[in-house]
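target34.pdb follows (PDB, C-alpha atoms and all ligand atoms):
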```pdb
ATOM      1  CA  PRO G 112     -36.685  55.590  24.810
ATOM      2  CA  ARG G 113     -36.650  51.816  25.073
ATOM      3  CA  HIS G 114     -36.270  49.325  22.219
ATOM      4  CA  PHE G 115     -38.737  46.498  21.638
ATOM      5  CA  ALA G 116     -38.578  43.818  18.958
ATOM      6  CA  ILE G 117     -41.479  42.305  17.025
ATOM      7  CA  VAL G 118     -40.868  39.169  14.983
ATOM      8  CA  PRO G 119     -43.710  38.335  12.577
ATOM      9  CA  ALA G 120     -43.694  34.539  12.288
ATOM     10  CA  ALA G 121     -47.183  33.758  11.068
ATOM     11  CA  GLY G 122     -46.328  33.090   7.427
ATOM     12  CA  SER G 123     -46.966  29.729   5.836
ATOM     13  CA  GLY G 124     -43.796  29.760   3.717
ATOM     14  CA  SER G 125     -45.638  28.733   0.562
ATOM     15  CA  ARG G 126     -42.805  29.800  -1.776
ATOM     16  CA  PHE G 127     -40.411  27.486   0.047
ATOM     17  CA  GLY G 128     -42.490  24.425  -0.693
ATOM     18  CA  ALA G 129     -41.815  22.403   2.463
ATOM     19  CA  GLY G 130     -44.634  20.954   4.579
ATOM     20  CA  LEU G 131     -43.393  22.885   7.596
ATOM     21  CA  PRO G 132     -43.577  26.717   7.762
ATOM     22  CA  LYS G 133     -40.027  27.839   6.988
ATOM     23  CA  GLN G 134     -39.470  29.418  10.402
ATOM     24  CA  TYR G 135     -39.525  25.905  11.885
ATOM     25  CA  LEU G 136     -37.196  24.233   9.387
ATOM     26  CA  SER G 137     -34.062  22.808  10.942
ATOM     27  CA  LEU G 138     -31.055  25.106  10.593
ATOM     28  CA  ALA G 139     -27.737  24.200  12.225
ATOM     29  CA  GLY G 140     -29.543  21.851  14.617
ATOM     30  CA  ARG G 141     -32.253  24.287  15.742
ATOM     31  CA  PRO G 142     -35.536  25.600  14.369
ATOM     32  CA  LEU G 143     -34.623  28.461  12.019
ATOM     33  CA  ILE G 144     -36.471  31.006  14.133
ATOM     34  CA  HIS G 145     -34.426  30.070  17.194
ATOM     35  CA  HIS G 146     -31.367  31.727  15.592
ATOM     36  CA  THR G 147     -33.440  34.796  14.704
ATOM     37  CA  LEU G 148     -34.792  35.185  18.236
ATOM     38  CA  LEU G 149     -31.411  34.505  19.835
ATOM     39  CA  ALA G 150     -29.850  37.451  17.985
ATOM     40  CA  LEU G 151     -32.548  39.778  19.345
ATOM     41  CA  CYS G 152     -32.740  38.339  22.886
ATOM     42  CA  ARG G 153     -28.935  38.555  23.261
ATOM     43  CA  SER G 154     -28.795  42.235  22.365
ATOM     44  CA  PRO G 155     -28.398  44.470  25.423
ATOM     45  CA  HIS G 156     -30.278  47.188  23.504
ATOM     46  CA  ILE G 157     -33.541  45.275  23.389
ATOM     47  CA  ALA G 158     -35.906  45.102  26.371
ATOM     48  CA  ARG G 159     -38.556  42.664  25.085
ATOM     49  CA  VAL G 160     -38.983  40.386  22.077
ATOM     50  CA  LEU G 161     -42.516  39.586  20.883
ATOM     51  CA  VAL G 162     -42.888  36.718  18.447
ATOM     52  CA  VAL G 163     -46.191  36.884  16.552
ATOM     53  CA  LEU G 164     -47.512  33.412  15.724
ATOM     54  CA  ALA G 165     -50.504  32.268  13.697
ATOM     55  CA  PRO G 166     -53.514  31.718  15.994
ATOM     56  CA  ASP G 167     -53.513  28.047  14.970
ATOM     57  CA  ASP G 168     -49.728  27.522  15.131
ATOM     58  CA  ARG G 169     -49.084  23.880  16.047
ATOM     59  CA  HIS G 170     -45.291  23.948  15.979
ATOM     60  CA  TRP G 171     -44.114  26.507  18.533
ATOM     61  CA  ALA G 172     -45.287  24.537  21.562
ATOM     62  CA  GLY G 173     -43.289  21.470  20.511
ATOM     63  CA  HIS G 174     -39.911  23.127  21.128
ATOM     64  CA  ASP G 175     -38.032  24.309  24.176
ATOM     65  CA  TRP G 176     -37.299  28.045  24.056
ATOM     66  CA  ARG G 177     -36.156  28.529  27.646
ATOM     67  CA  ASP G 178     -32.542  29.201  26.714
ATOM     68  CA  LEU G 179     -33.700  32.420  25.021
ATOM     69  CA  GLY G 180     -34.368  33.895  28.452
ATOM     70  CA  PRO G 181     -37.047  36.104  29.985
ATOM     71  CA  LYS G 182     -37.288  38.771  27.252
ATOM     72  CA  LEU G 183     -39.230  36.465  24.939
ATOM     73  CA  GLU G 184     -43.058  36.640  24.719
ATOM     74  CA  THR G 185     -45.526  34.992  22.345
ATOM     75  CA  VAL G 186     -48.522  36.648  20.700
ATOM     76  CA  TYR G 187     -50.866  34.141  19.041
ATOM     77  CA  ALA G 188     -52.564  36.729  16.826
ATOM     78  CA  GLY G 189     -50.821  36.729  13.437
ATOM     79  CA  GLY G 190     -52.922  37.868  10.476
ATOM     80  CA  ALA G 191     -53.381  37.141   6.786
ATOM     81  CA  THR G 192     -50.548  39.473   5.804
ATOM     82  CA  ARG G 193     -47.206  40.340   7.280
ATOM     83  CA  ALA G 194     -48.474  43.872   8.012
ATOM     84  CA  GLU G 195     -51.417  42.476   9.995
ATOM     85  CA  SER G 196     -49.092  40.264  11.987
ATOM     86  CA  VAL G 197     -46.891  43.258  12.816
ATOM     87  CA  LEU G 198     -49.995  45.238  13.824
ATOM     88  CA  ALA G 199     -50.924  42.469  16.261
ATOM     89  CA  GLY G 200     -47.499  42.827  17.861
ATOM     90  CA  LEU G 201     -47.779  46.616  18.056
ATOM     91  CA  ARG G 202     -51.198  46.336  19.715
ATOM     92  CA  ALA G 203     -49.823  43.875  22.249
ATOM     93  CA  LEU G 204     -47.244  46.532  23.184
ATOM     94  CA  GLU G 205     -49.766  49.372  23.292
ATOM     95  CA  THR G 206     -50.368  49.393  27.044
ATOM     96  CA  SER G 207     -46.679  49.412  27.957
ATOM     97  CA  ALA G 208     -44.861  51.233  25.142
ATOM     98  CA  ALA G 209     -44.481  55.010  25.136
ATOM     99  CA  ASP G 210     -45.283  56.780  21.862
ATOM    100  CA  ASP G 211     -41.612  57.395  21.135
ATOM    101  CA  ASP G 212     -40.263  53.994  22.192
ATOM    102  CA  TRP G 213     -38.534  52.215  19.316
ATOM    103  CA  VAL G 214     -39.870  49.051  17.730
ATOM    104  CA  LEU G 215     -37.549  46.867  15.657
ATOM    105  CA  VAL G 216     -39.541  44.650  13.302
ATOM    106  CA  HIS G 217     -37.471  41.691  12.138
ATOM    107  CA  ASP G 218     -38.458  38.830   9.833
ATOM    108  CA  ALA G 219     -38.508  35.417  11.476
ATOM    109  CA  ALA G 220     -36.999  34.205   8.212
ATOM    110  CA  ARG G 221     -33.730  36.204   8.650
ATOM    111  CA  PRO G 222     -31.723  34.004  11.024
ATOM    112  CA  CYS G 223     -28.259  35.454  10.265
ATOM    113  CA  LEU G 224     -28.673  38.908  11.820
ATOM    114  CA  SER G 225     -25.409  39.699  13.617
ATOM    115  CA  GLN G 226     -24.880  41.783  16.749
ATOM    116  CA  ALA G 227     -22.714  44.148  14.671
ATOM    117  CA  MET G 228     -25.568  44.878  12.255
ATOM    118  CA  LEU G 229     -28.039  45.289  15.104
ATOM    119  CA  ASP G 230     -25.684  47.670  16.911
ATOM    120  CA  ALA G 231     -25.149  49.699  13.721
ATOM    121  CA  LEU G 232     -28.895  50.118  13.233
ATOM    122  CA  VAL G 233     -29.595  51.151  16.828
ATOM    123  CA  ASP G 234     -26.571  53.485  16.981
ATOM    124  CA  GLU G 235     -27.190  55.207  13.638
ATOM    125  CA  LEU G 236     -30.849  55.853  14.418
ATOM    126  CA  ALA G 237     -30.427  56.999  18.025
ATOM    127  CA  GLY G 238     -32.238  60.340  18.272
ATOM    128  CA  ASP G 239     -33.459  60.144  14.672
ATOM    129  CA  PRO G 240     -36.879  61.749  14.153
ATOM    130  CA  VAL G 241     -38.076  59.098  11.666
ATOM    131  CA  GLY G 242     -36.183  55.813  12.018
ATOM    132  CA  GLY G 243     -34.941  53.536   9.287
ATOM    133  CA  LEU G 244     -33.919  50.102   8.160
ATOM    134  CA  LEU G 245     -31.026  47.853   7.273
ATOM    135  CA  ALA G 246     -30.538  47.650   3.516
ATOM    136  CA  VAL G 247     -27.866  46.765   0.958
ATOM    137  CA  PRO G 248     -27.103  48.405  -2.392
ATOM    138  CA  VAL G 249     -28.415  46.330  -5.303
ATOM    139  CA  ALA G 250     -25.601  44.203  -6.753
ATOM    140  CA  ASP G 251     -27.183  42.702  -9.864
ATOM    141  CA  THR G 252     -28.139  44.430 -13.099
ATOM    142  CA  LEU G 253     -31.906  44.927 -13.163
ATOM    143  CA  LYS G 254     -34.105  44.102 -16.161
ATOM    144  CA  ARG G 255     -37.698  45.186 -16.615
ATOM    145  CA  GLN G 256     -39.822  42.551 -18.349
ATOM    146  CA  ASP G 257     -42.052  43.113 -21.360
ATOM    147  CA  ASP G 258     -45.394  41.339 -21.918
ATOM    148  CA  ASP G 259     -43.680  38.632 -23.997
ATOM    149  CA  GLY G 260     -40.995  37.819 -21.428
ATOM    150  CA  ARG G 261     -38.292  39.817 -23.202
ATOM    151  CA  VAL G 262     -36.335  42.717 -21.819
ATOM    152  CA  ALA G 263     -38.199  46.005 -22.101
ATOM    153  CA  ALA G 264     -35.498  48.027 -20.383
ATOM    154  CA  THR G 265     -32.380  47.835 -18.257
ATOM    155  CA  GLU G 266     -32.997  49.827 -15.109
ATOM    156  CA  PRO G 267     -30.123  51.886 -13.734
ATOM    157  CA  ARG G 268     -29.299  50.364 -10.357
ATOM    158  CA  ASP G 269     -27.593  53.513  -9.092
ATOM    159  CA  GLY G 270     -29.114  54.523  -5.801
ATOM    160  CA  LEU G 271     -31.265  51.380  -5.519
ATOM    161  CA  TRP G 272     -31.163  49.382  -2.309
ATOM    162  CA  GLN G 273     -32.657  46.078  -1.197
ATOM    163  CA  ALA G 274     -34.621  46.483   2.016
ATOM    164  CA  GLN G 275     -33.798  44.075   4.836
ATOM    165  CA  THR G 276     -34.908  43.929   8.448
ATOM    166  CA  PRO G 277     -34.791  44.966  11.258
ATOM    167  CA  GLN G 278     -36.792  48.057  10.385
ATOM    168  CA  MET G 279     -36.834  50.463  13.317
ATOM    169  CA  PHE G 280     -39.531  53.057  13.924
ATOM    170  CA  ARG G 281     -41.241  54.661  16.898
ATOM    171  CA  HIS G 282     -44.272  52.854  18.280
ATOM    172  CA  ALA G 283     -47.044  55.444  17.757
ATOM    173  CA  PRO G 284     -46.250  56.526  14.180
ATOM    174  CA  LEU G 285     -45.642  52.929  13.097
ATOM    175  CA  LEU G 286     -48.980  51.800  14.502
ATOM    176  CA  ALA G 287     -50.781  54.735  12.836
ATOM    177  CA  ALA G 288     -48.991  54.182   9.518
ATOM    178  CA  LEU G 289     -49.736  50.447   9.374
ATOM    179  CA  GLU G 290     -53.367  50.980  10.323
ATOM    180  CA  ALA G 291     -53.769  53.472   7.475
ATOM    181  CA  ALA G 292     -51.665  51.828   4.746
ATOM    182  CA  ALA G 293     -53.477  49.055   2.909
ATOM    183  CA  ALA G 294     -50.902  47.238   0.835
ATOM    184  CA  VAL G 295     -47.332  47.639   2.015
ATOM    185  CA  THR G 296     -44.714  44.916   2.108
ATOM    186  CA  ASP G 297     -42.558  46.470   4.810
ATOM    187  CA  GLU G 298     -42.775  48.937   7.696
ATOM    188  CA  ALA G 299     -40.718  51.569   5.878
ATOM    189  CA  GLY G 300     -43.309  51.508   3.093
ATOM    190  CA  ALA G 301     -46.017  52.337   5.616
ATOM    191  CA  ILE G 302     -43.966  55.157   7.163
ATOM    192  CA  GLU G 303     -43.295  56.564   3.660
ATOM    193  CA  THR G 304     -47.047  56.923   3.100
ATOM    194  CA  LEU G 305     -46.990  59.483   5.950
ATOM    195  CA  GLY G 306     -44.572  61.565   3.846
ATOM    196  CA  LEU G 307     -41.599  60.609   6.042
ATOM    197  CA  ARG G 308     -38.235  59.416   4.740
ATOM    198  CA  PRO G 309     -36.703  56.428   6.553
ATOM    199  CA  LYS G 310     -32.913  56.307   6.813
ATOM    200  CA  LEU G 311     -31.027  53.563   4.958
ATOM    201  CA  VAL G 312     -28.471  51.911   7.248
ATOM    202  CA  ARG G 313     -26.010  49.708   5.415
ATOM    203  CA  GLY G 314     -26.519  46.061   6.347
ATOM    204  CA  ASP G 315     -24.795  43.041   4.923
ATOM    205  CA  ALA G 316     -25.711  40.426   2.318
ATOM    206  CA  SER G 317     -25.320  37.745   5.001
ATOM    207  CA  ASN G 318     -28.574  39.002   6.567
ATOM    208  CA  LEU G 319     -30.508  37.018   3.964
ATOM    209  CA  LYS G 320     -34.173  36.083   4.046
ATOM    210  CA  VAL G 321     -34.713  32.352   3.736
ATOM    211  CA  THR G 322     -37.213  32.144   0.881
ATOM    212  CA  PHE G 323     -36.074  29.222  -1.286
ATOM    213  CA  PRO G 324     -34.313  25.939  -0.346
ATOM    214  CA  ALA G 325     -30.886  27.187  -1.506
ATOM    215  CA  ASP G 326     -31.131  30.020   1.048
ATOM    216  CA  LEU G 327     -31.263  27.489   3.879
ATOM    217  CA  ALA G 328     -27.944  25.937   2.876
ATOM    218  CA  LEU G 329     -26.356  29.377   2.590
ATOM    219  CA  ALA G 330     -27.709  30.476   5.982
ATOM    220  CA  GLU G 331     -26.202  27.353   7.562
ATOM    221  CA  LEU G 332     -22.783  28.124   6.059
ATOM    222  CA  ILE G 333     -22.968  31.710   7.346
ATOM    223  CA  LEU G 334     -23.855  30.583  10.877
ATOM    224  CA  PHE G 335     -21.136  27.902  10.980
ATOM    225  CA  ALA G 336     -18.514  30.332   9.647
ATOM    226  CA  ARG G 337     -19.278  32.698  12.545
ATOM    227  CA  ARG G 338     -18.807  30.068  15.238
ATOM    228  CA  GLU G 339     -15.529  30.421  17.079
TER
HETATM  229  O1  LIG A 401     -43.219  35.553   3.148
HETATM  230  P1  LIG A 401     -42.121  36.468   3.574
HETATM  231  O2  LIG A 401     -40.772  35.805   3.519
HETATM  232  O3  LIG A 401     -42.138  37.808   2.921
HETATM  233  O4  LIG A 401     -42.418  36.753   5.120
HETATM  234  C1  LIG A 401     -41.629  37.641   5.875
HETATM  235  C2  LIG A 401     -41.930  37.430   7.345
HETATM  236  O5  LIG A 401     -43.279  37.798   7.643
HETATM  237  C3  LIG A 401     -41.770  35.980   7.779
HETATM  238  O6  LIG A 401     -41.085  35.981   9.020
HETATM  239  C4  LIG A 401     -43.204  35.487   7.898
HETATM  240  O7  LIG A 401     -43.364  34.471   8.865
HETATM  241  C5  LIG A 401     -43.931  36.756   8.321
HETATM  242  N1  LIG A 401     -45.373  36.742   7.975
HETATM  243  C6  LIG A 401     -46.337  36.862   8.988
HETATM  244  N2  LIG A 401     -47.678  36.818   8.689
HETATM  245  C7  LIG A 401     -48.086  36.649   7.420
HETATM  246  C8  LIG A 401     -47.109  36.536   6.369
HETATM  247  C9  LIG A 401     -45.757  36.595   6.680
HETATM  248  O8  LIG A 401     -45.981  36.994  10.157
HETATM  249  N3  LIG A 401     -49.387  36.575   7.169
END
```

Write the structure described by the file as structure tokens, please.
Ligand code: C5P
Amino acid sequence: PRHFAIVPAAGSGSRFGAGLPKQYLSLAGRPLIHHTLLALCRSPHIARVLVVLAPDDRHWAGHDWRDLGPKLETVYAGGATRAESVLAGLRALETSAADDDWVLVHDAARPCLSQAMLDALVDELAGDPVGGLLAVPVADTLKRQDDDGRVAATEPRDGLWQAQTPQMFRHAPLLAALEAAAAVTDEAGAIETLGLRPKLVRGDASNLKVTFPADLALAELILFARRE
């Protein structure tokens, strides 16, 4: 089976609070999403990379993406939720993907994905019947909140993981799962509603999702530290 990548990039980045959607913020001299797409386009595992943009995106066309090479394609069909944006990407692949081809869904907002992490995911899931995702064991102690903002309970963090992306599943079951699942926040969540159990592949904390301004500074440090 082949490997395709879908990058949902139709979010508005409202939690970040900048005027620009966060995928277009400047990171190490490039739009943030350029780093994200470069990691996927560079990987010899991946045949095509579909970036899903909002239908009214006014930022993509203002940049030069040619150095990312011929694997990159745009789909101007992002939806109101991340899941809808991913569905638009899956439908764009429908005519060319076989049912058991792999799709790696990766957040535009995770620009620090390394080749080592990508290789680990693809290698560990080769031949897997279900698929899986990069994730990291929870590091902090977890508190459940009461109605009055006080601690109701301390949750044991044993066996709890934070889901990252890429999340890698086969085309047909992922499409069916996302079409059926109403409110899921990731692809694994949709696959789980089919009664399947995605595999957790250990990622790395450096594969952070840029959500708040401090994350942007950290992502820049991570990228600079990797430069030879
Ligand atoms: O908002 P959040 O950080 O969870 O978004 C994760 C990814 O999903 C981002 O890359 C964002 O651009 C994308 N997204 C999307 N369509 C939406 C909402 C989010 O493609 N409607």

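Here, the PyMOL selection byres (((not hetatm)) within 7 of (chain A and resi 401)) matches Val118, Pro119, Ala120, Ala121, Gly122, Ser123, Gly124, Gln134, Val163, Leu164, Gly189, Gly190, Ala191, Thr192, Arg193, Glu195, Ser196, Val197, Asp218, Ala219, Ala220, Lys320, Val321 and Thr322 of chain G.
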
Fill in: Among listed residues G:Lys254, G:His217, G:Lys182, G:Lys310, nearest Leu236 (chain G) (using all atoms listed in the file)
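The answer is G:Lys310, which sits nearest to Leu236 (chain G).
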
Worksheet item: From the list G:Ala158, G:Ile117, G:Val249, G:Leu138, which residue is nearest Thr185 (chain G) when using all atoms listed in the file?
Response: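 Counting all atoms listed in the file, the residue closest to Thr185 (chain G) is G:Ile117.
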
Discussion item. If we count all atoms listed in the file and set the cut-off at 12 Å, which residues sit around Asp269 (chain G), ignoring sequence neighbours fewer than 4 positions away in its own chain? Please answer as an MDAnalysis selection string.
Written reply: chainID G and resid 248:253 265 273

Worksheet item: Excluding same-chain residues fewer than 3 positions from Cys223 (chain G), what lies within 8 Å of it counting only C-alpha atoms, as a list of chain:residue names?
Response: G:His146, G:Thr147, G:Ser317, G:Asn318, G:Leu319, G:Ala330, G:Ile333, G:Leu334

Atoms added to region 272-304 of chain G (N, CA and C atoms), reported as a tab-separated table (two decimals), in the coordinates of the input:
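Result file rebuild_38.tsv:
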```
chain	number	residue	atom	x	y	z
G	272	TRP	N	-31.55	50.23	-3.44
G	272	TRP	CA	-31.16	49.38	-2.31
G	272	TRP	C	-32.20	48.28	-2.13
G	273	GLN	N	-31.75	47.16	-1.59
G	273	GLN	CA	-32.66	46.08	-1.20
G	273	GLN	C	-32.95	46.25	0.28
G	274	ALA	N	-34.24	46.32	0.62
G	274	ALA	CA	-34.62	46.48	2.02
G	274	ALA	C	-34.46	45.16	2.75
G	275	GLN	N	-33.88	45.23	3.95
G	275	GLN	CA	-33.80	44.08	4.84
G	275	GLN	C	-34.61	44.40	6.09
G	276	THR	N	-34.43	43.62	7.11
G	276	THR	CA	-34.91	43.93	8.45
G	276	THR	C	-33.75	43.64	9.40
G	277	PRO	N	-33.74	44.19	10.62
G	277	PRO	CA	-34.79	44.97	11.26
G	277	PRO	C	-35.06	46.31	10.60
G	278	GLN	N	-36.37	46.72	10.72
G	278	GLN	CA	-36.79	48.06	10.38
G	278	GLN	C	-37.23	48.69	11.70
G	279	MET	N	-36.71	49.87	11.97
G	279	MET	CA	-36.83	50.46	13.32
G	279	MET	C	-37.55	51.81	13.27
G	280	PHE	N	-38.73	51.83	13.88
G	280	PHE	CA	-39.53	53.06	13.92
G	280	PHE	C	-40.13	53.23	15.31
G	281	ARG	N	-40.65	54.43	15.57
G	281	ARG	CA	-41.24	54.66	16.90
G	281	ARG	C	-42.65	54.07	16.94
G	282	HIS	N	-43.04	53.65	18.14
G	282	HIS	CA	-44.27	52.85	18.28
G	282	HIS	C	-45.50	53.55	17.71
G	283	ALA	N	-45.77	54.79	18.13
G	283	ALA	CA	-47.04	55.44	17.76
G	283	ALA	C	-47.15	55.70	16.25
G	284	PRO	N	-46.12	56.31	15.62
G	284	PRO	CA	-46.25	56.53	14.18
G	284	PRO	C	-46.30	55.22	13.38
G	285	LEU	N	-45.61	54.19	13.84
G	285	LEU	CA	-45.64	52.93	13.10
G	285	LEU	C	-47.03	52.30	13.17
G	286	LEU	N	-47.62	52.34	14.35
G	286	LEU	CA	-48.98	51.80	14.50
G	286	LEU	C	-49.96	52.57	13.61
G	287	ALA	N	-49.87	53.92	13.66
G	287	ALA	CA	-50.78	54.74	12.84
G	287	ALA	C	-50.56	54.46	11.35
G	288	ALA	N	-49.30	54.36	10.94
G	288	ALA	CA	-48.99	54.18	9.52
G	288	ALA	C	-49.50	52.83	9.03
G	289	LEU	N	-49.30	51.78	9.82
G	289	LEU	CA	-49.74	50.45	9.37
G	289	LEU	C	-51.26	50.32	9.38
G	290	GLU	N	-51.90	51.02	10.30
G	290	GLU	CA	-53.37	50.98	10.32
G	290	GLU	C	-53.95	51.67	9.09
G	291	ALA	N	-53.25	52.70	8.61
G	291	ALA	CA	-53.77	53.47	7.48
G	291	ALA	C	-53.37	52.90	6.12
G	292	ALA	N	-52.18	52.28	6.05
G	292	ALA	CA	-51.66	51.83	4.75
G	292	ALA	C	-52.23	50.45	4.43
G	293	ALA	N	-52.85	50.32	3.26
G	293	ALA	CA	-53.48	49.06	2.91
G	293	ALA	C	-52.45	48.01	2.48
G	294	ALA	N	-51.76	48.27	1.40
G	294	ALA	CA	-50.90	47.24	0.84
G	294	ALA	C	-49.44	47.65	0.86
G	295	VAL	N	-48.77	47.39	1.97
G	295	VAL	CA	-47.33	47.64	2.02
G	295	VAL	C	-46.64	46.33	2.35
G	296	THR	N	-45.42	46.17	1.85
G	296	THR	CA	-44.71	44.92	2.11
G	296	THR	C	-43.66	45.08	3.19
G	297	ASP	N	-43.44	46.30	3.64
G	297	ASP	CA	-42.56	46.47	4.81
G	297	ASP	C	-42.98	47.70	5.61
G	298	GLU	N	-42.38	47.85	6.79
G	298	GLU	CA	-42.78	48.94	7.70
G	298	GLU	C	-42.36	50.28	7.11
G	299	ALA	N	-41.17	50.31	6.48
G	299	ALA	CA	-40.72	51.57	5.88
G	299	ALA	C	-41.74	52.05	4.85
G	300	GLY	N	-42.30	51.14	4.09
G	300	GLY	CA	-43.31	51.51	3.09
G	300	GLY	C	-44.50	52.19	3.73
G	301	ALA	N	-44.90	51.71	4.90
G	301	ALA	CA	-46.02	52.34	5.62
G	301	ALA	C	-45.64	53.74	6.10
G	302	ILE	N	-44.44	53.86	6.67
G	302	ILE	CA	-43.97	55.16	7.16
G	302	ILE	C	-43.86	56.17	6.02
G	303	GLU	N	-43.41	55.69	4.84
G	303	GLU	CA	-43.30	56.56	3.66
G	303	GLU	C	-44.64	57.14	3.25
G	304	THR	N	-45.73	56.39	3.47
G	304	THR	CA	-47.05	56.92	3.10
G	304	THR	C	-47.44	58.12	3.98
```
